[in-house]
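Note sheet for the following structure.
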Amino acid sequence: MINLRNVRKFYGALEVIKGVDITVEDGEFAVFVGPSGCGKSTLLRMIAGLEGIDEGDLVLNGQRINDVPPDKRGIAMVFQSYALYPHMTVAENIGFSLSLKKVPEAEIKKQVEGVAEILQLTDYLSRKPGALSGGQRQRVAIGRAIIKKPSLILFDEPLSNLDSALRVQMRAELQRLHRELKATVVYVTHDQVEAMTMADRIVVLNKGVVAQQGAPMELYHQPENEFVATFIGSPKMNVLPMTATRRDAGKVHLESPFGLAIDLSDDNGTVPQGEAKLGIRPEHLKLAQQGQGDFSAEVVIVERLGVETYLTVGSQQQPIVVRAEGDMTIRPGDRVSLTAERAACHLFDSAGRVVRSAQA
Ligand SMILES: Nc1ncnc2c1ncn2[C@@H]1O[C@H](COP(=O)(O)OP(=O)(O)OP(=O)(O)O)[C@@H](O)[C@H]1O
């Protein structure tokens, strides 16, 4: 339903969007995620028509809309700042775009009430934004967008001004709203947890290019590069420098400077010899009996969350994070033995491209 084909954007001589191809299907909840400055807001503003497109095609429902003005695109945008009119009531804010179009008062009232019901704002319609909580203001901003019945709704970091409890609640509400409205959503955030919990499709951006796009679990289990591997998942994947050698067919032998030596399967012989990086998530390093396991290391930091404990082990130059179940009695200074789950190991070449994925 929405296609970006080789889209580019320059600010002066600076290329900030460097030839991006993205497809979002009808009714999908797509999340564009990436670190600050990667170009996600610029991309969203280009879709909305608030920024020009220097090269490439923006196609909505089969029609190229590069030169269609923003108000003729049938797209609504919800901003991080909410951008509500402080002197208007909630009802007036939500109905504003209809009043501009000279829709009869009675019709506006009916539609505003319908939207307010979906957003659980019925009791607040006569209040002004100043007398609402952050979450309620956010819902008014969404109401103002959905009353236009857009085929596509764009969200630019809509939850970043809310506290963490409210963010969790709003994540669930946005998903419910998406199911009810059956609209296509493109949502921009730097928060990979928001991306993982809400998206049908995640587009990971890095420095103006798409690092990878796919379903959340696809990106989690089969990252195509070190950037996606370490961006998706919290705490992030450990990436350890190794030297790869081949001793037997179908296997690769890996050794690290800190004493980890393991063999991994490499059925197709795709892992080059020499410098490599082993990617392993904290949950795939298991505590072993003292003196057993693949390697041992000193515990530096212990973070107890009750249901799980995160241990940082190893040296300052090469810290490794391990997730252990439950409330561990381990203390900083203790030595632990660890085993790496072979099937969950990723290998990257020195340029960060995956050369061996975790085995399904
Ligand atoms: N008007 C502008 N003129 C020049 N450079 C700009 C302009 N707007 C954005 N940029 C640059 O373009 C790049 C992409 O910016 P953009 O706002 O899209 O990033 P972002 O991923 O949304 O970041 P954030 O999460 O911090 O909002 C950045 O390097 C930024 O400095």
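Chain identifiers are assigned as A, B, and so on, following the order in which chains appear in the structure tokens; residues are numbered from 1 within each chain, and ligands are numbered from 1 in order of appearance.
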Could you give me, as JSON lines, a per-residue list for region 140-239 of chain A showing, wherever an atom lies at most 7 Å from an atom of region 9-26 of chain A, the closest pair of atoms and their distance in Å to one decimal, using only C-alpha atoms and sorting by chain then residue number from low to high?
{"residue": "A:Thr184", "atom": "CA", "partner": "A:Asp26", "partner_atom": "CA", "distance": 5.8}
{"residue": "A:Gly208", "atom": "CA", "partner": "A:Ile17", "partner_atom": "CA", "distance": 4.3}
{"residue": "A:Val209", "atom": "CA", "partner": "A:Lys18", "partner_atom": "CA", "distance": 5.7}
{"residue": "A:Val210", "atom": "CA", "partner": "A:Val20", "partner_atom": "CA", "distance": 6.3}
Filtering to C-alpha atoms, could you give me those residues as a PDB file, in the first residue's frame?
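Writing the result to out_4.pdb gives the following:
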ATOM      1  CA  THR A 184      -2.148   1.370   8.062  1.00  0.00           C
ATOM      2  CA  GLY A 208      20.177   7.013   6.202  1.00  0.00           C
ATOM      3  CA  VAL A 209      19.996   3.418   4.946  1.00  0.00           C
ATOM      4  CA  VAL A 210      17.775   0.449   5.792  1.00  0.00           C
TER       5      VAL A 210
END
Out of region 61-308 of chain A, which residues get alpha helix (DSSP H) from DSSP, as a PyMOL selection string? chain A and resi 90-100+105-118+134-146+164-181+192-198+216-221+226-231
Expected answer as a VMD selection string: residues within 10 Å of ligand 1, only C-alpha atoms and all ligand atoms: chain A and resid 9 to 17 32 to 46 51 156 to 157 188 to 191 205 to 208
Would you write out those residues with C-alpha atoms, as a short mmCIF file (atom, residue, chain, number, x, y, z; two decimals), in the first residue's frame?
data_model
loop_
_atom_site.label_atom_id
_atom_site.label_comp_id
_atom_site.auth_asym_id
_atom_site.auth_seq_id
_atom_site.Cartn_x
_atom_site.Cartn_y
_atom_site.Cartn_z
CA LYS A 9 17.09 13.34 0.58
CA PHE A 10 19.81 15.94 0.79
CA TYR A 11 20.18 18.89 3.16
CA GLY A 12 22.56 21.00 1.12
CA ALA A 13 25.45 18.71 0.26
CA LEU A 14 24.62 16.31 3.13
CA GLU A 15 22.81 13.17 2.04
CA VAL A 16 20.61 12.11 4.96
CA ILE A 17 18.43 9.48 3.20
CA PHE A 32 10.75 2.76 11.70
CA VAL A 33 13.39 2.47 14.39
CA GLY A 34 16.98 3.60 14.68
CA PRO A 35 19.37 5.73 16.72
CA SER A 36 19.16 9.51 16.89
CA GLY A 37 20.02 11.13 13.56
CA CYS A 38 19.48 8.01 11.41
CA GLY A 39 16.83 9.84 9.36
CA LYS A 40 13.59 8.29 10.61
CA SER A 41 11.75 11.59 11.25
CA THR A 42 12.90 12.94 7.90
CA LEU A 43 11.51 9.83 6.21
CA LEU A 44 8.18 10.19 8.02
CA ARG A 45 7.95 13.88 7.11
CA MET A 46 8.64 12.99 3.49
CA GLU A 51 9.67 17.54 3.33
CA ASP A 156 6.41 10.55 15.33
CA GLU A 157 7.69 9.32 18.73
CA VAL A 188 8.73 6.27 14.31
CA THR A 189 10.69 5.64 17.51
CA HIS A 190 14.25 5.23 18.73
CA ASP A 191 12.99 2.70 21.30
CA LEU A 205 17.47 2.48 9.89
CA ASN A 206 21.12 3.37 10.33
CA LYS A 207 22.79 6.47 8.90
CA GLY A 208 20.18 7.01 6.20
#
Show me, as a list of chain:residue names, the residues that have an atom within 10 Å of region 163-167 of chain A when counting only C-alpha atoms, minus same-chain residues fewer than 4 positions from it.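 Surrounding residues, per the criterion: A:Gly134, A:Gly135, A:Pro158, A:Leu159, A:Arg171, A:Ala172, A:Glu173, A:Glu194.
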Excluding same-chain residues fewer than 4 positions from Ile118 (chain A), what lies within 9 Å of it counting only C-alpha atoms, as a list in words?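 The residues satisfying every condition are Glu113, Gly114, Thr122, Gly143, Leu177 and Glu180 of chain A.
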Filtered DSSP result for region 24-170 of chain A, state strand (DSSP E), as a list in words: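 Assigned to strand (DSSP E), within region 24-170 of chain A: Val24, Phe29, Ala30, Val31, Phe32, Val33, Glu55, Gly56, Asp57, Leu58, Val59, Leu60, Gln63, Arg64, Ile75, Ala76, Met77, Val78, Leu152, Ile153, Leu154, Phe155 and Asp156 of chain A.
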Given only C-alpha atoms as the basis, pick out the residue of A:Asp294, A:Glu303, A:Glu117, A:Asp349 nearest to Gln273 (chain A).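 That would be A:Asp349, the residue with the smallest distance to Gln273 (chain A).
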Measuring between only C-alpha atoms, which one of A:Leu121, A:Ile146, A:Ala276, A:Met217 shows the shortest distance to Met242 (chain A)? A:Ala276
